[in-house]
>>> print(open('work_17.csv').read())   # CSV, C-alpha atoms
chain,number,residue,atom,x,y,z
A,199,MET,CA,77.2,-1.3,-17.1
A,200,GLN,CA,78.4,1.5,-19.3
A,201,ALA,CA,81.9,3.1,-19.0
A,202,ARG,CA,82.0,6.7,-17.8
A,203,LEU,CA,84.7,7.3,-20.4
A,204,LYS,CA,87.1,5.4,-22.5
A,205,ASN,CA,89.8,3.7,-20.4
A,206,PRO,CA,92.2,6.5,-19.3
A,207,VAL,CA,95.2,4.5,-20.5
A,208,MET,CA,93.8,4.6,-24.0
A,209,LEU,CA,93.3,8.4,-23.8
A,210,ILE,CA,96.7,9.4,-22.5
A,211,PRO,CA,99.5,8.7,-25.1
A,212,GLY,CA,102.1,6.3,-23.8
A,213,ALA,CA,100.2,5.5,-20.6
A,214,LEU,CA,99.3,1.9,-21.4
A,215,GLN,CA,102.8,1.2,-22.9
A,216,ALA,CA,104.4,2.6,-19.7
A,217,LEU,CA,102.3,0.3,-17.5
A,218,LEU,CA,102.9,-2.7,-19.7
A,219,ALA,CA,106.6,-2.0,-19.6
A,220,LEU,CA,106.6,-1.9,-15.8
A,221,ASP,CA,104.8,-5.2,-15.8
A,222,LYS,CA,107.3,-6.7,-18.2
A,223,SER,CA,110.2,-5.4,-16.1
A,224,THR,CA,109.4,-7.8,-13.3
A,225,GLU,CA,109.4,-11.0,-15.5
A,226,ALA,CA,113.1,-11.6,-14.8
A,227,ALA,CA,112.5,-12.0,-11.1
A,228,ASP,CA,111.9,-15.4,-9.7
A,229,VAL,CA,108.1,-15.1,-9.2
A,230,PRO,CA,106.1,-17.6,-11.1
A,231,TYR,CA,103.6,-16.4,-13.7
A,232,VAL,CA,100.7,-18.1,-11.8
A,233,THR,CA,101.7,-16.5,-8.5
A,234,ARG,CA,101.7,-13.0,-10.2
A,235,LYS,CA,98.2,-13.8,-11.6
A,236,LEU,CA,96.9,-15.0,-8.2
A,237,VAL,CA,98.1,-11.8,-6.6
A,238,HIS,CA,96.4,-9.8,-9.4
A,239,LEU,CA,93.2,-11.7,-8.9
A,240,ARG,CA,93.2,-11.2,-5.1
A,241,ALA,CA,93.9,-7.5,-5.2
A,242,SER,CA,91.2,-7.1,-7.9
A,243,GLN,CA,88.7,-8.9,-5.8
A,244,ILE,CA,89.4,-6.6,-2.8
A,245,ASN,CA,89.2,-3.5,-5.0
A,246,GLY,CA,86.0,-4.7,-6.8
A,247,CYS,CA,87.5,-4.4,-10.2
A,248,SER,CA,85.3,-6.6,-12.3
A,249,VAL,CA,87.4,-6.2,-15.4
A,250,CYS,CA,90.5,-7.4,-13.7
A,251,VAL,CA,88.7,-10.2,-11.7
A,252,ASP,CA,87.4,-11.5,-15.0
A,253,MET,CA,90.7,-11.1,-16.9
A,254,HIS,CA,93.0,-12.7,-14.3
A,255,ALA,CA,90.6,-15.6,-13.6
A,256,ARG,CA,90.7,-16.3,-17.4
A,257,GLU,CA,94.5,-15.9,-17.5
A,258,LEU,CA,94.8,-18.5,-14.7
A,259,LYS,CA,92.5,-20.9,-16.4
A,260,LYS,CA,94.4,-20.4,-19.7
A,261,ALA,CA,97.6,-21.2,-17.7
A,262,GLY,CA,96.1,-24.5,-16.7
A,263,GLU,CA,94.9,-23.7,-13.2
A,264,LYS,CA,92.0,-25.8,-11.8
A,265,ASP,CA,88.7,-24.2,-11.0
A,266,GLU,CA,89.2,-25.0,-7.3
A,267,ARG,CA,92.2,-22.8,-7.1
A,268,VAL,CA,90.7,-19.9,-9.2
A,269,PHE,CA,87.4,-20.0,-7.3
A,270,ALA,CA,89.1,-20.2,-3.9
A,271,VAL,CA,91.5,-17.2,-4.2
A,272,SER,CA,89.2,-15.0,-2.1
A,273,ALA,CA,89.2,-17.7,0.7
A,274,TRP,CA,92.8,-18.8,0.3
A,275,ARG,CA,93.5,-19.0,4.0
A,276,GLU,CA,90.7,-21.6,4.5
A,277,THR,CA,91.6,-23.9,1.5
A,278,PRO,CA,94.3,-26.4,0.9
A,279,TYR,CA,94.9,-25.3,-2.7
A,280,PHE,CA,97.8,-22.9,-2.3
A,281,ASN,CA,101.4,-23.6,-1.4
A,282,ASP,CA,103.3,-21.6,1.3
A,283,ALA,CA,105.0,-19.3,-1.2
A,284,GLU,CA,101.6,-18.5,-2.9
A,285,ARG,CA,100.1,-17.9,0.6
A,286,ALA,CA,102.9,-15.5,1.5
A,287,ALA,CA,102.4,-13.6,-1.8
A,288,LEU,CA,98.6,-13.4,-1.3
A,289,ALA,CA,99.0,-12.1,2.2
A,290,LEU,CA,101.5,-9.5,1.0
A,291,ALA,CA,99.0,-8.5,-1.8
A,292,GLU,CA,96.2,-8.1,0.7
A,293,ALA,CA,98.2,-6.0,3.1
A,294,THR,CA,99.7,-3.8,0.4
A,295,THR,CA,96.2,-3.4,-1.2
A,296,ARG,CA,94.6,-2.5,2.2
A,297,LEU,CA,97.2,-0.1,3.4
A,298,SER,CA,94.9,1.9,5.8
A,299,ASP,CA,93.3,-1.2,7.4
A,300,ARG,CA,95.9,-1.3,10.2
A,301,ALA,CA,98.4,0.9,12.0
A,302,ASP,CA,101.3,-0.9,10.4
A,303,ALA,CA,100.3,-1.2,6.8
A,304,VAL,CA,102.4,-4.3,6.0
A,305,PRO,CA,103.3,-5.9,9.3
A,306,ASP,CA,106.6,-7.5,9.8
A,307,ASP,CA,105.2,-11.0,10.1
A,308,ILE,CA,103.6,-10.7,6.6
A,309,TRP,CA,106.8,-9.2,5.1
A,310,ASP,CA,109.0,-11.8,6.8
A,311,GLU,CA,107.0,-14.7,5.6
A,312,ALA,CA,107.2,-13.4,2.0
A,313,ALA,CA,110.9,-12.9,2.5
A,314,ARG,CA,111.2,-16.6,3.5
A,315,HIS,CA,110.0,-17.5,0.0
A,316,TYR,CA,111.2,-14.8,-2.3
A,317,ASP,CA,114.7,-13.2,-2.6
A,318,GLU,CA,115.1,-9.4,-2.7
A,319,LYS,CA,114.4,-9.2,-6.4
A,320,GLY,CA,111.4,-11.4,-6.1
A,321,LEU,CA,110.0,-9.3,-3.3
A,322,ALA,CA,110.6,-6.2,-5.4
A,323,ALA,CA,108.8,-7.8,-8.3
A,324,LEU,CA,105.8,-8.7,-6.0
A,325,VAL,CA,105.6,-5.1,-4.6
A,326,VAL,CA,105.7,-3.7,-8.2
A,327,GLN,CA,103.1,-6.1,-9.4
A,328,ILE,CA,100.8,-5.3,-6.4
A,329,ALA,CA,101.2,-1.6,-7.0
A,330,LEU,CA,100.6,-2.1,-10.7
A,331,ILE,CA,97.4,-4.1,-10.3
A,332,ASN,CA,96.1,-1.6,-7.8
A,333,ALA,CA,96.7,1.1,-10.4
A,334,PHE,CA,94.8,-0.8,-13.1
A,335,ASN,CA,92.0,-1.5,-10.6
A,336,ARG,CA,91.6,2.1,-9.8
A,337,LEU,CA,91.6,3.2,-13.4
A,338,ASN,CA,89.0,0.6,-14.3
A,339,ALA,CA,86.8,1.0,-11.2
A,340,ALA,CA,86.8,4.8,-11.3
A,341,THR,CA,85.7,4.9,-14.9
A,342,ARG,CA,83.4,1.8,-14.6
A,343,GLN,CA,85.0,-0.2,-17.4
A,344,PRO,CA,82.8,-3.1,-18.4
A,345,VAL,CA,83.9,-6.7,-18.2
A,346,GLY,CA,85.3,-8.0,-21.4
A,347,ALA,CA,86.2,-4.6,-22.8
A,348,TRP,CA,89.9,-5.5,-22.5
A,349,GLY,CA,89.6,-8.1,-25.2
>>> encode(input="work_17.csv", output="structure tokens")
Amino acid sequence: MQARLKNPVMLIPGALQALLALDKSTEAADVPYVTRKLVHLRASQINGCSVCVDMHARELKKAGEKDERVFAVSAWRETPYFNDAERAALALAEATTRLSDRADAVPDDIWDEAARHYDEKGLAALVVQIALINAFNRLNAATRQPVGAWG
């Protein structure tokens, strides 16, 4: 696949730095790095962003995650590989990524389960991370960025 144009965040001065700063701003919240990357991988799978699926699977492997967990993210409900907090974060990621799939975009049961595992700051960090990965997915998918182009 060939990109339609250079990645937009490389063409707009300050865009990449702004997105990276937003990402960094959530690090102080009590959401583990691996959980953030699982959320990134799941949203990227839903959005069909090959660049981000590749990137976040590699990040998880580099963080020491086993193949079983990385390969099973798309089927997290049917596998024993994820703890309750990760499952809550993945459900929140799916609902927040698929906003128009239901009348109540993020149903109370999904939100409440996430709130059982994450405090207010953690929930805020998850929502920001989900919004951020969706932005990256849309930038990459719209311009057909090729896998591996990120480095």
>>> residues_near_point(input="work_17.csv", point="(83.9, -2.7, -18.3)", cutoff="8 Å", atoms="all atoms listed in the file", output="number ranges by chain")
A: 199-201, 248-249, 338, 342-348
>>> residues_around(input="work_17.csv", residues="A:Ala241", least_positions_apart="3", cutoff="9 Å", atoms="only C-alpha atoms", output="NGL selection string")
:A and (236-238 or 244-247 or 251 or 288 or 291-292 or 294-296 or 328 or 331-332 or 335)
>>> atom_distance(input="work_17.csv", atom1="atom CA of A:Ala226", atom2="atom CA of A:Glu266")
28.4 Å
>>> residues_around(input="work_17.csv", residues="stretch 311-326 of chain A", least_positions_apart="5", cutoff="10 Å", atoms="only C-alpha atoms", output="list in words")
Leu220, Asp221, Ser223, Thr224, Glu225, Ala226, Ala227, Asp228, Val229, Pro230, Thr233, Arg234, Val237, Asp282, Ala283, Glu284, Arg285, Ala286, Ala287, Leu288, Ala289, Leu290, Ala291, Thr294, Asp306, Ile331 and Asn332 of chain A
>>> write_last_selection(input="work_17.csv", atoms="C-alpha atoms", output="short mmCIF file (atom, residue, chain, number, x, y, z; two decimals), in the coordinates of the input")
data_model
loop_
_atom_site.label_atom_id
_atom_site.label_comp_id
_atom_site.auth_asym_id
_atom_site.auth_seq_id
_atom_site.Cartn_x
_atom_site.Cartn_y
_atom_site.Cartn_z
CA LEU A 220 106.60 -1.90 -15.80
CA ASP A 221 104.80 -5.20 -15.80
CA SER A 223 110.20 -5.40 -16.10
CA THR A 224 109.40 -7.80 -13.30
CA GLU A 225 109.40 -11.00 -15.50
CA ALA A 226 113.10 -11.60 -14.80
CA ALA A 227 112.50 -12.00 -11.10
CA ASP A 228 111.90 -15.40 -9.70
CA VAL A 229 108.10 -15.10 -9.20
CA PRO A 230 106.10 -17.60 -11.10
CA THR A 233 101.70 -16.50 -8.50
CA ARG A 234 101.70 -13.00 -10.20
CA VAL A 237 98.10 -11.80 -6.60
CA ASP A 282 103.30 -21.60 1.30
CA ALA A 283 105.00 -19.30 -1.20
CA GLU A 284 101.60 -18.50 -2.90
CA ARG A 285 100.10 -17.90 0.60
CA ALA A 286 102.90 -15.50 1.50
CA ALA A 287 102.40 -13.60 -1.80
CA LEU A 288 98.60 -13.40 -1.30
CA ALA A 289 99.00 -12.10 2.20
CA LEU A 290 101.50 -9.50 1.00
CA ALA A 291 99.00 -8.50 -1.80
CA THR A 294 99.70 -3.80 0.40
CA ASP A 306 106.60 -7.50 9.80
CA ILE A 331 97.40 -4.10 -10.30
CA ASN A 332 96.10 -1.60 -7.80
#
>>> atom_distance(input="work_17.csv", atom1="atom CA of A:Ala303", atom2="atom CA of A:Ser242")
18.3 Å
>>> atom_distance(input="work_17.csv", atom1="atom CA of A:Leu239", atom2="atom CA of A:Met253")
8.4 Å
>>> residues_around(input="work_17.csv", residues="A:Ala255", least_positions_apart="2", cutoff="10 Å", atoms="all atoms listed in the file", output="list in words")
Lys235, Leu236, His238, Leu239, Arg240, Cys250, Val251, Asp252, Met253, Glu257, Leu258, Lys259, Lys260, Ala261, Glu263, Asp265, Arg267, Val268, Phe269 and Val271 of chain A
>>> axis_aligned_box(input="work_17.csv", around="stretch 300-305 of chain A", padding_each_side="4 Å", output="AutoDock Vina command-line options")
--center_x 99.6 --center_y -2.5 --center_z 9.0 --size_x 15.4 --size_y 14.8 --size_z 14.0
